[in-house]
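*Asks:* Just one file: work.pdb, with PDB, C-alpha atoms.
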```pdb
ATOM      1  CA  MET X 161      57.367 -60.690   0.913
ATOM      2  CA  LYS X 162      57.981 -60.488  -2.874
ATOM      3  CA  ALA X 163      56.480 -63.968  -3.368
ATOM      4  CA  LYS X 164      53.447 -62.974  -1.299
ATOM      5  CA  ILE X 165      52.866 -59.849  -3.395
ATOM      6  CA  ILE X 166      53.114 -61.833  -6.646
ATOM      7  CA  PHE X 167      50.634 -64.373  -5.273
ATOM      8  CA  LEU X 168      48.137 -61.657  -4.292
ATOM      9  CA  VAL X 169      48.439 -59.927  -7.659
ATOM     10  CA  SER X 170      47.950 -63.235  -9.476
ATOM     11  CA  CYS X 171      44.832 -63.956  -7.416
ATOM     12  CA  PHE X 172      43.422 -60.531  -8.256
ATOM     13  CA  LEU X 173      44.030 -61.048 -11.977
ATOM     14  CA  VAL X 174      42.342 -64.439 -11.867
ATOM     15  CA  PHE X 175      39.361 -62.925 -10.045
ATOM     16  CA  LEU X 176      39.136 -59.901 -12.326
ATOM     17  CA  PHE X 177      39.703 -61.556 -15.689
ATOM     18  CA  ILE X 178      38.765 -65.227 -15.346
ATOM     19  CA  GLY X 179      36.264 -65.904 -12.578
ATOM     20  CA  CYS X 180      35.415 -68.990 -10.565
ATOM     21  CA  ALA X 181      32.630 -71.562 -10.660
ATOM     22  CA  SER X 182      30.057 -71.763 -13.427
ATOM     23  CA  THR X 183      26.714 -70.026 -13.115
ATOM     24  CA  PRO X 184      23.416 -71.444 -14.386
ATOM     25  CA  ARG X 185      21.777 -70.265 -17.587
ATOM     26  CA  PHE X 186      18.684 -68.177 -17.135
ATOM     27  CA  GLN X 187      16.016 -66.228 -18.967
ATOM     28  CA  ILE X 188      15.163 -62.620 -18.188
ATOM     29  CA  ASP X 189      12.310 -60.344 -19.107
ATOM     30  CA  THR X 190      13.678 -57.827 -21.605
ATOM     31  CA  THR X 191      10.327 -56.234 -22.411
ATOM     32  CA  GLY X 192       9.615 -52.694 -21.351
ATOM     33  CA  GLU X 193      11.880 -49.676 -21.130
ATOM     34  CA  TYR X 194      14.787 -49.256 -18.717
ATOM     35  CA  LEU X 195      16.149 -45.750 -18.118
ATOM     36  CA  TRP X 196      18.631 -44.040 -15.766
ATOM     37  CA  PRO X 197      17.737 -41.853 -14.013
ATOM     38  CA  PRO X 198      14.114 -42.997 -14.227
ATOM     39  CA  PRO X 199      11.321 -40.580 -15.194
ATOM     40  CA  PRO X 200      10.223 -37.952 -14.364
ATOM     41  CA  ALA X 201      13.908 -36.964 -14.317
ATOM     42  CA  GLU X 202      15.509 -36.425 -17.724
ATOM     43  CA  SER X 203      17.063 -39.798 -18.546
ATOM     44  CA  ARG X 204      20.637 -40.107 -19.792
ATOM     45  CA  ILE X 205      21.124 -43.879 -20.166
ATOM     46  CA  LYS X 206      18.794 -46.378 -21.866
ATOM     47  CA  TRP X 207      19.108 -50.168 -21.882
ATOM     48  CA  LEU X 208      18.986 -51.591 -25.430
ATOM     49  CA  LYS X 209      19.673 -55.345 -25.480
ATOM     50  CA  GLU X 210      22.002 -58.184 -24.540
ATOM     51  CA  TRP X 211      24.279 -60.539 -26.473
ATOM     52  CA  LYS X 212      24.983 -64.059 -25.196
ATOM     53  CA  ASN X 213      24.513 -66.765 -27.896
ATOM     54  CA  ARG X 214      23.568 -67.330 -31.523
ATOM     55  CA  TYR X 215      19.867 -67.284 -30.664
ATOM     56  CA  ASP X 216      20.240 -63.523 -30.371
ATOM     57  CA  PHE X 217      19.928 -63.534 -34.169
ATOM     58  CA  GLY X 218      16.693 -65.556 -33.965
ATOM     59  CA  ARG X 219      16.026 -69.265 -33.862
ATOM     60  CA  PRO X 220      16.737 -71.285 -37.021
ATOM     61  CA  SER X 221      13.825 -72.546 -39.087
ATOM     62  CA  LYS X 222      12.622 -76.141 -38.706
ATOM     63  CA  PHE X 223      14.054 -76.833 -42.168
ATOM     64  CA  MET X 224      17.516 -75.579 -41.163
ATOM     65  CA  THR X 225      17.354 -77.530 -37.914
ATOM     66  CA  PHE X 226      16.552 -80.671 -39.915
ATOM     67  CA  LEU X 227      19.550 -80.055 -42.188
ATOM     68  CA  MET X 228      21.924 -79.324 -39.279
ATOM     69  CA  GLY X 229      20.718 -82.168 -37.068
ATOM     70  CA  ALA X 230      21.190 -81.679 -33.331
ATOM     71  CA  GLU X 231      21.642 -78.025 -32.480
ATOM     72  CA  GLN X 232      25.026 -76.806 -31.310
ATOM     73  CA  ILE X 233      24.514 -73.651 -29.275
ATOM     74  CA  GLU X 234      27.576 -71.682 -28.216
ATOM     75  CA  TYR X 235      27.052 -69.540 -25.121
ATOM     76  CA  LEU X 236      29.318 -66.905 -23.686
ATOM     77  CA  ARG X 237      30.850 -68.280 -20.495
ATOM     78  CA  ARG X 238      33.431 -65.772 -19.243
ATOM     79  CA  PRO X 239      33.186 -62.561 -21.257
ATOM     80  CA  GLN X 240      36.040 -60.285 -20.171
ATOM     81  CA  ALA X 241      36.321 -57.564 -22.804
ATOM     82  CA  VAL X 242      34.191 -56.204 -25.630
ATOM     83  CA  VAL X 243      34.610 -53.933 -28.649
ATOM     84  CA  ALA X 244      32.437 -53.099 -31.660
ATOM     85  CA  ASP X 245      33.495 -52.216 -35.192
ATOM     86  CA  SER X 246      32.191 -49.452 -37.442
ATOM     87  CA  ALA X 247      29.640 -51.856 -38.968
ATOM     88  CA  GLY X 248      28.153 -52.638 -35.551
ATOM     89  CA  ASN X 249      29.606 -56.136 -35.172
ATOM     90  CA  VAL X 250      30.326 -56.996 -31.526
ATOM     91  CA  TYR X 251      33.538 -58.815 -30.488
ATOM     92  CA  VAL X 252      33.754 -60.449 -27.059
ATOM     93  CA  ALA X 253      36.836 -62.036 -25.447
ATOM     94  CA  ASP X 254      35.761 -65.198 -23.610
ATOM     95  CA  SER X 255      38.563 -66.374 -21.324
ATOM     96  CA  GLU X 256      36.942 -69.739 -20.572
ATOM     97  CA  GLN X 257      36.199 -70.678 -24.188
ATOM     98  CA  ARG X 258      39.609 -69.482 -25.428
ATOM     99  CA  ALA X 259      38.168 -67.508 -28.308
ATOM    100  CA  VAL X 260      36.729 -64.201 -29.415
ATOM    101  CA  PHE X 261      32.989 -64.395 -30.082
ATOM    102  CA  VAL X 262      31.869 -62.291 -33.050
ATOM    103  CA  PHE X 263      28.207 -61.294 -33.081
ATOM    104  CA  ASP X 264      28.189 -60.471 -36.798
ATOM    105  CA  GLN X 265      25.183 -58.206 -37.352
ATOM    106  CA  VAL X 266      25.998 -57.756 -41.023
ATOM    107  CA  ASN X 267      25.536 -61.473 -41.799
ATOM    108  CA  ASN X 268      23.361 -62.368 -38.766
ATOM    109  CA  VAL X 269      25.691 -65.129 -37.615
ATOM    110  CA  LEU X 270      27.810 -65.948 -34.599
ATOM    111  CA  ARG X 271      31.401 -66.732 -35.555
ATOM    112  CA  PHE X 272      34.733 -67.040 -33.759
ATOM    113  CA  LEU X 273      38.282 -65.718 -33.937
ATOM    114  CA  GLY X 274      41.491 -66.874 -32.291
ATOM    115  CA  GLU X 275      40.622 -70.537 -31.768
ATOM    116  CA  GLY X 276      43.850 -72.458 -31.300
ATOM    117  CA  VAL X 277      45.802 -69.176 -31.045
ATOM    118  CA  VAL X 278      44.672 -67.479 -27.828
ATOM    119  CA  PHE X 279      44.353 -69.362 -24.538
ATOM    120  CA  THR X 280      43.185 -66.771 -22.014
ATOM    121  CA  PRO X 281      41.957 -63.703 -23.928
ATOM    122  CA  VAL X 282      41.288 -60.832 -21.530
ATOM    123  CA  GLY X 283      41.615 -57.596 -23.517
ATOM    124  CA  LEU X 284      40.450 -56.326 -26.908
ATOM    125  CA  ALA X 285      41.037 -53.331 -29.152
ATOM    126  CA  ILE X 286      40.094 -52.615 -32.750
ATOM    127  CA  ASP X 287      41.754 -50.966 -35.735
ATOM    128  CA  ASN X 288      38.792 -50.264 -38.024
ATOM    129  CA  LYS X 289      40.937 -48.942 -40.868
ATOM    130  CA  ARG X 290      43.000 -52.120 -41.247
ATOM    131  CA  GLY X 291      40.300 -54.492 -39.990
ATOM    132  CA  ILE X 292      42.384 -55.852 -37.100
ATOM    133  CA  ILE X 293      41.200 -57.102 -33.712
ATOM    134  CA  PHE X 294      43.937 -56.981 -31.070
ATOM    135  CA  VAL X 295      43.698 -59.604 -28.317
ATOM    136  CA  SER X 296      45.784 -59.773 -25.131
ATOM    137  CA  ASP X 297      46.453 -63.303 -23.880
ATOM    138  CA  SER X 298      47.438 -63.499 -20.206
ATOM    139  CA  LYS X 299      48.327 -67.192 -20.543
ATOM    140  CA  THR X 300      50.991 -66.819 -23.224
ATOM    141  CA  ASP X 301      51.930 -63.222 -22.264
ATOM    142  CA  LYS X 302      51.382 -62.052 -25.836
ATOM    143  CA  VAL X 303      49.189 -59.675 -27.797
ATOM    144  CA  PHE X 304      47.869 -60.906 -31.148
ATOM    145  CA  GLY X 305      46.523 -58.874 -34.049
ATOM    146  CA  LEU X 306      43.873 -60.913 -35.880
ATOM    147  CA  ASP X 307      42.224 -60.195 -39.200
ATOM    148  CA  LYS X 308      38.642 -59.534 -38.108
ATOM    149  CA  MET X 309      37.162 -61.606 -40.938
ATOM    150  CA  THR X 310      39.524 -64.561 -41.331
ATOM    151  CA  GLY X 311      41.133 -64.710 -37.883
ATOM    152  CA  ARG X 312      44.583 -64.861 -39.489
ATOM    153  CA  VAL X 313      47.376 -63.639 -37.199
ATOM    154  CA  VAL X 314      48.831 -60.494 -38.769
ATOM    155  CA  LEU X 315      50.851 -59.220 -35.791
ATOM    156  CA  THR X 316      52.307 -60.676 -32.587
ATOM    157  CA  LEU X 317      53.702 -58.640 -29.694
ATOM    158  CA  GLY X 318      55.549 -60.064 -26.726
ATOM    159  CA  GLY X 319      59.046 -61.449 -26.869
ATOM    160  CA  PRO X 320      60.542 -63.673 -24.145
ATOM    161  CA  GLY X 321      59.979 -62.022 -20.768
ATOM    162  CA  GLU X 322      58.541 -58.839 -22.276
ATOM    163  CA  PHE X 323      55.015 -58.948 -20.813
ATOM    164  CA  LYS X 324      53.773 -60.076 -17.425
ATOM    165  CA  ASN X 325      50.005 -60.492 -17.721
ATOM    166  CA  PRO X 326      49.117 -58.109 -20.568
ATOM    167  CA  SER X 327      45.516 -57.046 -20.058
ATOM    168  CA  GLY X 328      43.793 -53.851 -21.198
ATOM    169  CA  LEU X 329      44.201 -52.600 -24.779
ATOM    170  CA  VAL X 330      43.146 -49.541 -26.730
ATOM    171  CA  TYR X 331      44.013 -48.440 -30.285
ATOM    172  CA  ASP X 332      44.492 -44.811 -31.336
ATOM    173  CA  GLU X 333      43.455 -44.707 -34.996
ATOM    174  CA  LYS X 334      44.540 -41.088 -35.518
ATOM    175  CA  ARG X 335      48.092 -41.717 -34.282
ATOM    176  CA  GLU X 336      48.159 -45.374 -35.414
ATOM    177  CA  ARG X 337      49.232 -46.515 -31.989
ATOM    178  CA  LEU X 338      48.336 -49.470 -29.761
ATOM    179  CA  TYR X 339      48.489 -49.149 -25.971
ATOM    180  CA  VAL X 340      48.933 -52.268 -23.824
ATOM    181  CA  SER X 341      48.586 -52.532 -20.042
ATOM    182  CA  ASP X 342      51.492 -54.694 -18.890
ATOM    183  CA  SER X 343      49.825 -55.350 -15.560
ATOM    184  CA  ARG X 344      52.398 -57.121 -13.418
ATOM    185  CA  ASN X 345      55.222 -54.967 -14.773
ATOM    186  CA  ASN X 346      53.133 -51.944 -13.674
ATOM    187  CA  ILE X 347      53.612 -50.091 -16.949
ATOM    188  CA  VAL X 348      51.659 -49.197 -20.082
ATOM    189  CA  ARG X 349      53.411 -49.744 -23.430
ATOM    190  CA  ALA X 350      52.761 -47.922 -26.711
ATOM    191  CA  TYR X 351      53.490 -49.593 -30.088
ATOM    192  CA  ASP X 352      53.337 -48.390 -33.676
ATOM    193  CA  ASN X 353      51.558 -50.236 -36.482
ATOM    194  CA  ASN X 354      54.613 -52.370 -37.176
ATOM    195  CA  GLY X 355      54.847 -53.553 -33.583
ATOM    196  CA  ALA X 356      57.806 -51.359 -32.658
ATOM    197  CA  LEU X 357      57.823 -50.067 -29.077
ATOM    198  CA  LEU X 358      57.401 -46.283 -28.999
ATOM    199  CA  PHE X 359      57.537 -45.605 -25.264
ATOM    200  CA  THR X 360      56.386 -46.843 -21.868
ATOM    201  CA  LEU X 361      54.452 -45.135 -19.084
ATOM    202  CA  GLY X 362      54.827 -45.616 -15.364
ATOM    203  CA  ARG X 363      56.464 -47.819 -12.803
ATOM    204  CA  ARG X 364      55.281 -49.410  -9.578
ATOM    205  CA  GLY X 365      54.172 -46.874  -6.969
ATOM    206  CA  ARG X 366      51.479 -44.530  -5.714
ATOM    207  CA  ASP X 367      52.703 -41.178  -6.989
ATOM    208  CA  ASP X 368      51.389 -39.415 -10.073
ATOM    209  CA  GLY X 369      52.225 -41.430 -13.172
ATOM    210  CA  GLU X 370      52.949 -44.589 -11.168
ATOM    211  CA  PHE X 371      50.784 -47.711 -11.098
ATOM    212  CA  SER X 372      49.758 -50.649  -9.029
ATOM    213  CA  LEU X 373      48.371 -53.214 -11.488
ATOM    214  CA  PRO X 374      47.142 -51.108 -14.436
ATOM    215  CA  THR X 375      44.375 -52.870 -16.344
ATOM    216  CA  TYR X 376      41.702 -51.428 -18.646
ATOM    217  CA  LEU X 377      42.384 -48.476 -20.984
ATOM    218  CA  ALA X 378      40.410 -45.892 -22.960
ATOM    219  CA  LEU X 379      41.010 -42.835 -25.156
ATOM    220  CA  ASP X 380      39.081 -39.597 -25.588
ATOM    221  CA  SER X 381      38.620 -37.548 -28.747
ATOM    222  CA  GLU X 382      41.817 -35.596 -28.013
ATOM    223  CA  GLY X 383      43.906 -38.742 -27.784
ATOM    224  CA  ARG X 384      44.300 -38.567 -24.015
ATOM    225  CA  LEU X 385      44.884 -41.955 -22.411
ATOM    226  CA  TYR X 386      42.820 -43.113 -19.420
ATOM    227  CA  VAL X 387      44.323 -45.878 -17.296
ATOM    228  CA  VAL X 388      42.496 -47.912 -14.649
ATOM    229  CA  ASP X 389      45.101 -48.047 -11.869
ATOM    230  CA  SER X 390      43.452 -51.002 -10.136
ATOM    231  CA  PHE X 391      45.297 -51.450  -6.842
ATOM    232  CA  ASN X 392      45.580 -47.678  -6.371
ATOM    233  CA  PHE X 393      41.793 -47.496  -6.885
ATOM    234  CA  ARG X 394      41.925 -44.549  -9.245
ATOM    235  CA  ILE X 395      41.882 -43.378 -12.851
ATOM    236  CA  GLN X 396      44.976 -41.664 -14.260
ATOM    237  CA  ILE X 397      44.908 -39.494 -17.391
ATOM    238  CA  PHE X 398      47.871 -38.890 -19.722
ATOM    239  CA  SER X 399      48.523 -36.768 -22.797
ATOM    240  CA  PRO X 400      49.213 -38.489 -26.140
ATOM    241  CA  GLU X 401      52.901 -37.828 -25.456
ATOM    242  CA  GLY X 402      52.675 -39.762 -22.178
ATOM    243  CA  LYS X 403      52.675 -36.768 -19.819
ATOM    244  CA  PHE X 404      50.643 -37.132 -16.619
ATOM    245  CA  ILE X 405      47.625 -34.788 -16.597
ATOM    246  CA  LYS X 406      45.470 -35.689 -13.617
ATOM    247  CA  LYS X 407      43.860 -38.439 -11.550
ATOM    248  CA  PHE X 408      40.669 -39.103  -9.646
ATOM    249  CA  GLY X 409      39.181 -41.796  -7.427
ATOM    250  CA  ARG X 410      40.030 -43.549  -4.187
ATOM    251  CA  LEU X 411      39.179 -46.718  -2.290
ATOM    252  CA  GLY X 412      35.759 -46.732  -0.659
ATOM    253  CA  ASP X 413      32.265 -48.156  -0.721
ATOM    254  CA  SER X 414      30.352 -44.941  -1.458
ATOM    255  CA  SER X 415      29.227 -43.454  -4.761
ATOM    256  CA  GLY X 416      32.141 -41.887  -6.604
ATOM    257  CA  GLN X 417      34.640 -44.187  -4.935
ATOM    258  CA  PHE X 418      36.034 -47.506  -6.204
ATOM    259  CA  SER X 419      36.276 -51.021  -4.841
ATOM    260  CA  ARG X 420      37.406 -52.993  -7.919
ATOM    261  CA  PRO X 421      37.533 -50.599 -10.885
ATOM    262  CA  ALA X 422      37.543 -52.392 -14.225
ATOM    263  CA  GLY X 423      36.315 -51.392 -17.701
ATOM    264  CA  ILE X 424      36.432 -47.771 -18.811
ATOM    265  CA  GLY X 425      35.067 -45.738 -21.721
ATOM    266  CA  LEU X 426      34.117 -42.222 -22.825
ATOM    267  CA  ASP X 427      31.047 -40.929 -24.632
ATOM    268  CA  SER X 428      30.988 -38.211 -27.292
ATOM    269  CA  ASP X 429      30.486 -35.512 -24.642
ATOM    270  CA  GLY X 430      33.614 -36.552 -22.760
ATOM    271  CA  HIS X 431      31.906 -38.221 -19.799
ATOM    272  CA  ILE X 432      34.020 -40.961 -18.211
ATOM    273  CA  TYR X 433      32.394 -44.331 -17.490
ATOM    274  CA  VAL X 434      34.021 -46.754 -15.048
ATOM    275  CA  VAL X 435      32.799 -50.279 -14.302
ATOM    276  CA  ASP X 436      33.191 -51.483 -10.732
ATOM    277  CA  THR X 437      33.247 -55.259 -10.458
ATOM    278  CA  ALA X 438      32.490 -55.326  -6.731
ATOM    279  CA  PHE X 439      29.708 -52.720  -6.868
ATOM    280  CA  GLY X 440      28.042 -54.438  -9.839
ATOM    281  CA  ASN X 441      27.534 -51.159 -11.702
ATOM    282  CA  PHE X 442      29.190 -48.463 -13.758
ATOM    283  CA  GLN X 443      29.670 -44.891 -12.604
ATOM    284  CA  ILE X 444      29.780 -41.809 -14.825
ATOM    285  CA  PHE X 445      32.101 -38.868 -14.085
ATOM    286  CA  ASP X 446      32.980 -35.535 -15.648
ATOM    287  CA  PHE X 447      36.569 -34.638 -16.546
ATOM    288  CA  GLU X 448      37.115 -33.223 -13.057
ATOM    289  CA  GLY X 449      36.232 -36.579 -11.526
ATOM    290  CA  ARG X 450      32.847 -35.475 -10.190
ATOM    291  CA  LEU X 451      30.215 -38.223 -10.078
ATOM    292  CA  LEU X 452      27.267 -37.544 -12.396
ATOM    293  CA  LEU X 453      25.314 -40.808 -12.329
ATOM    294  CA  TRP X 454      25.637 -44.485 -11.537
ATOM    295  CA  VAL X 455      23.879 -47.300 -13.379
ATOM    296  CA  GLY X 456      23.181 -50.835 -12.238
ATOM    297  CA  SER X 457      23.075 -53.123  -9.235
ATOM    298  CA  GLY X 458      23.490 -56.800  -8.520
ATOM    299  CA  GLY X 459      21.101 -59.142 -10.331
ATOM    300  CA  ARG X 460      20.181 -60.757 -13.632
ATOM    301  CA  GLY X 461      17.758 -58.322 -15.224
ATOM    302  CA  PRO X 462      18.389 -55.454 -17.633
ATOM    303  CA  GLY X 463      20.864 -53.061 -16.074
ATOM    304  CA  GLU X 464      21.779 -55.541 -13.358
ATOM    305  CA  PHE X 465      25.191 -57.181 -13.164
ATOM    306  CA  SER X 466      27.161 -60.044 -11.694
ATOM    307  CA  LEU X 467      30.889 -59.208 -11.619
ATOM    308  CA  PRO X 468      31.008 -56.953 -14.703
ATOM    309  CA  THR X 469      34.449 -56.345 -16.202
ATOM    310  CA  GLY X 470      35.176 -54.851 -19.641
ATOM    311  CA  MET X 471      33.492 -51.875 -21.302
ATOM    312  CA  TYR X 472      33.488 -50.222 -24.713
ATOM    313  CA  ILE X 473      31.669 -47.133 -26.039
ATOM    314  CA  ASP X 474      31.348 -46.782 -29.817
ATOM    315  CA  GLU X 475      31.047 -43.696 -32.021
ATOM    316  CA  SER X 476      27.240 -43.793 -31.750
ATOM    317  CA  ASP X 477      27.435 -43.658 -27.936
ATOM    318  CA  ARG X 478      26.345 -47.267 -27.523
ATOM    319  CA  ILE X 479      27.774 -48.626 -24.273
ATOM    320  CA  TYR X 480      28.816 -52.297 -24.139
ATOM    321  CA  VAL X 481      29.487 -53.953 -20.771
ATOM    322  CA  ALA X 482      30.862 -57.478 -20.284
ATOM    323  CA  ASP X 483      28.535 -58.845 -17.578
ATOM    324  CA  THR X 484      30.900 -61.681 -16.760
ATOM    325  CA  PHE X 485      29.094 -63.981 -14.333
ATOM    326  CA  ASN X 486      25.768 -63.411 -16.092
ATOM    327  CA  ARG X 487      27.462 -64.705 -19.261
ATOM    328  CA  ARG X 488      26.427 -61.844 -21.493
ATOM    329  CA  VAL X 489      27.213 -58.402 -22.862
ATOM    330  CA  GLN X 490      24.680 -55.712 -22.051
ATOM    331  CA  VAL X 491      24.207 -52.778 -24.414
ATOM    332  CA  PHE X 492      23.064 -49.311 -23.367
ATOM    333  CA  GLN X 493      22.610 -45.974 -25.151
ATOM    334  CA  TYR X 494      23.833 -42.604 -23.928
ATOM    335  CA  LEU X 495      21.070 -40.059 -24.525
ATOM    336  CA  LYS X 496      22.651 -36.720 -25.356
ATOM    337  CA  GLU X 497      21.294 -33.516 -23.905
ATOM    338  CA  LYS X 498      18.593 -31.942 -26.070
TER     339      LYS X 498
END
```
Take the structure from the file and write it as structure tokens.

*Replies:*
Amino acid sequence: MKAKIIFLVSCFLVFLFIGCASTPRFQIDTTGEYLWPPPPAESRIKWLKEWKNRYDFGRPSKFMTFLMGAEQIEYLRRPQAVVADSAGNVYVADSEQRAVFVFDQVNNVLRFLGEGVVFTPVGLAIDNKRGIIFVSDSKTDKVFGLDKMTGRVVLTLGGPGEFKNPSGLVYDEKRERLYVSDSRNNIVRAYDNNGALLFTLGRRGRDDGEFSLPTYLALDSEGRLYVVDSFNFRIQIFSPEGKFIKKFGRLGDSSGQFSRPAGIGLDSDGHIYVVDTAFGNFQIFDFEGRLLLWVGSGGRGPGEFSLPTGMYIDESDRIYVADTFNRRVQVFQYLKEK
């Protein structure tokens, strides 16, 4: 029975964080305006753009193409997680290409971090103050802290047997603390800036404060921790001290329920966004767990998804979603109430 459970959990992790066969490249029409809910209702979410390759910065001139010779175009293949820094640069963990793509909007270039260091990157977090990108690697069972400009490894977490499939990450800049979902150990770990373990949350189970394959993580403005408790099909919320506060969600195929909950984030008004890989959308809840709105459906166009996974919401309420099988990151804007 134990071997069967481990096999099923491993299959779920592969499905959630890695994916299967390749999908073809495609072009979509990104003209026009895409809003949720659509007019005449007062819209709350607006589609902005997508990131997928270096052409998103514009095509090189004929002169540059002549100097470079044959073009080498790097496409996202399996984006699993996404974060953005305070300058607006977008970082995407690509588990198939074994690297973190950096869509550098300051210098208008596509560059890479972690090549030759990470093998299956599935989670990301950012420390803007120190300029560190944290990457969880489910292949080596480690978490790496990389200098966001040079890619130099400045911190490594994960001694022998410590992690079993580390996945979701989030960094608390106020408390200088990194949270790591240790998925197959069914706990969440908290570390200080020096990599020392502060405390752990949870154990395997269904009761409050217990987990069945915790994955993606998020924080709100009060430092409360939100944990996607994947196989319990719910979101659990904890205080900064690790005390259980509340939970919401259950298994189902209706709005407000979850089938394969994945990425999570919060906007500046405290609304909770949860990606559902199976539904091909993200749902928006209030703090009480009441459904406010859902965005997206299956497809390739703006606001459509194919097995979405990670999510990040920045300080300007831009919403980034790793649209995994469509090989892109979609960007939305939360429109605050007037």

*Asks:* Give as a list in words the residues that the PyMOL selection byres ((chain X and resi 264) around 12) matches when applied to the coordinates above.

*Replies:*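 The output of the PyMOL selection byres ((chain X and resi 264) around 12) on this file is Trp211, Asn213, Arg214, Asp216, Phe217, Ala244, Asp245, Ser246, Ala247, Gly248, Asn249, Val250, Tyr251, Val252, Val260, Phe261, Val262, Phe263, Gln265, Val266, Asn267, Asn268, Val269, Leu270, Arg271, Phe272, Leu273, Lys308 and Met309 of chain X.
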
*Asks:* Ranking X:Leu358, X:Val313, X:Leu385, X:Val242 by minimum distance to Gly283 of chain X and counting all atoms listed in the file, which one comes first?

*Replies:*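 Looking only at the distances to Gly283 of chain X, the closest residue turns out to be X:Val242.
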
*Asks:* I'd like the contact shell of Asp287 of chain X - 7 Å cut-off, only C-alpha atoms, skipping same-chain residues fewer than 4 positions apart - returned as number ranges by chain.

*Replies:* X: 291-293, 331, 333

*Asks:* When the PyMOL selection byres ((chain X and resi 253) around 6) is applied to the file above, which residues end up in the set, as a short mmCIF file (atom, residue, chain, number, x, y, z; two decimals) with C-alpha atoms, in the frame of the given file?

*Replies:*
```
data_model
loop_
_atom_site.label_atom_id
_atom_site.label_comp_id
_atom_site.auth_asym_id
_atom_site.auth_seq_id
_atom_site.Cartn_x
_atom_site.Cartn_y
_atom_site.Cartn_z
CA PRO X 239 33.19 -62.56 -21.26
CA GLN X 240 36.04 -60.28 -20.17
CA ALA X 241 36.32 -57.56 -22.80
CA VAL X 252 33.75 -60.45 -27.06
CA ASP X 254 35.76 -65.20 -23.61
CA VAL X 260 36.73 -64.20 -29.42
CA PRO X 281 41.96 -63.70 -23.93
#
```

*Asks:* Go through the shown structure with the PyMOL selection byres ((chain X and resi 484) around 6) and write out the matching residues as a list in words.

*Replies:*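 Listing what the PyMOL selection byres ((chain X and resi 484) around 6) selects in the shown file: Arg238, Pro239, Leu467, Pro468, Ala482, Asp483, Phe485, Asn486 and Arg487 of chain X.
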
*Asks:* Residues as selected, C-alpha atoms, written as a PDB file, in the coordinates of the input, can you do that?

*Replies:*
```pdb
ATOM      1  CA  ARG X 238      33.431 -65.772 -19.243  1.00  0.00           C
ATOM      2  CA  PRO X 239      33.186 -62.561 -21.257  1.00  0.00           C
ATOM      3  CA  LEU X 467      30.889 -59.208 -11.619  1.00  0.00           C
ATOM      4  CA  PRO X 468      31.008 -56.953 -14.703  1.00  0.00           C
ATOM      5  CA  ALA X 482      30.862 -57.478 -20.284  1.00  0.00           C
ATOM      6  CA  ASP X 483      28.535 -58.845 -17.578  1.00  0.00           C
ATOM      7  CA  PHE X 485      29.094 -63.981 -14.333  1.00  0.00           C
ATOM      8  CA  ASN X 486      25.768 -63.411 -16.092  1.00  0.00           C
ATOM      9  CA  ARG X 487      27.462 -64.705 -19.261  1.00  0.00           C
TER      10      ARG X 487
END
```

*Asks:* Please compute the atom CA of Tyr339 of chain X-atom CA of Glu322 of chain X distance, one decimal, in Å.

*Replies:*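 The value is 14.4 Å.
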
*Asks:* Step by step: start from the point (10.2, -46.2, -22.6) in the file's coordinates, keep every protein, DNA or RNA residue that has an atom no farther than 12 Å from it, count all atoms listed in the file, and write the set as an MDAnalysis selection string.

*Replies:* chainID X and resid 191:196 198:200 203 205:208

*Asks:* With a cut-off of 9 Å, could you pull out the residues of segment 265-351 of chain X touching segment 370-384 of chain X and give me the nearest pair of atoms for each, distance in Å to one decimal, using only C-alpha atoms, ordered by chain and ascending number, as JSON lines?

*Replies:*
```
{"residue": "X:Gly283", "atom": "CA", "partner": "X:Tyr376", "partner_atom": "CA", "distance": 7.9}
{"residue": "X:Pro326", "atom": "CA", "partner": "X:Thr375", "partner_atom": "CA", "distance": 8.2}
{"residue": "X:Ser327", "atom": "CA", "partner": "X:Thr375", "partner_atom": "CA", "distance": 5.7}
{"residue": "X:Gly328", "atom": "CA", "partner": "X:Tyr376", "partner_atom": "CA", "distance": 4.1}
{"residue": "X:Leu329", "atom": "CA", "partner": "X:Leu377", "partner_atom": "CA", "distance": 5.9}
{"residue": "X:Val330", "atom": "CA", "partner": "X:Leu377", "partner_atom": "CA", "distance": 5.9}
{"residue": "X:Tyr331", "atom": "CA", "partner": "X:Leu379", "partner_atom": "CA", "distance": 8.2}
{"residue": "X:Asp332", "atom": "CA", "partner": "X:Gly383", "partner_atom": "CA", "distance": 7.1}
{"residue": "X:Lys334", "atom": "CA", "partner": "X:Gly383", "partner_atom": "CA", "distance": 8.1}
{"residue": "X:Arg335", "atom": "CA", "partner": "X:Gly383", "partner_atom": "CA", "distance": 8.3}
{"residue": "X:Tyr339", "atom": "CA", "partner": "X:Leu377", "partner_atom": "CA", "distance": 7.9}
{"residue": "X:Val340", "atom": "CA", "partner": "X:Leu377", "partner_atom": "CA", "distance": 8.1}
{"residue": "X:Ser341", "atom": "CA", "partner": "X:Thr375", "partner_atom": "CA", "distance": 5.6}
{"residue": "X:Asp342", "atom": "CA", "partner": "X:Pro374", "partner_atom": "CA", "distance": 7.2}
{"residue": "X:Ser343", "atom": "CA", "partner": "X:Leu373", "partner_atom": "CA", "distance": 4.8}
{"residue": "X:Arg344", "atom": "CA", "partner": "X:Leu373", "partner_atom": "CA", "distance": 5.9}
{"residue": "X:Asn345", "atom": "CA", "partner": "X:Leu373", "partner_atom": "CA", "distance": 7.8}
{"residue": "X:Asn346", "atom": "CA", "partner": "X:Leu373", "partner_atom": "CA", "distance": 5.4}
{"residue": "X:Ile347", "atom": "CA", "partner": "X:Phe371", "partner_atom": "CA", "distance": 6.9}
{"residue": "X:Val348", "atom": "CA", "partner": "X:Pro374", "partner_atom": "CA", "distance": 7.5}
```
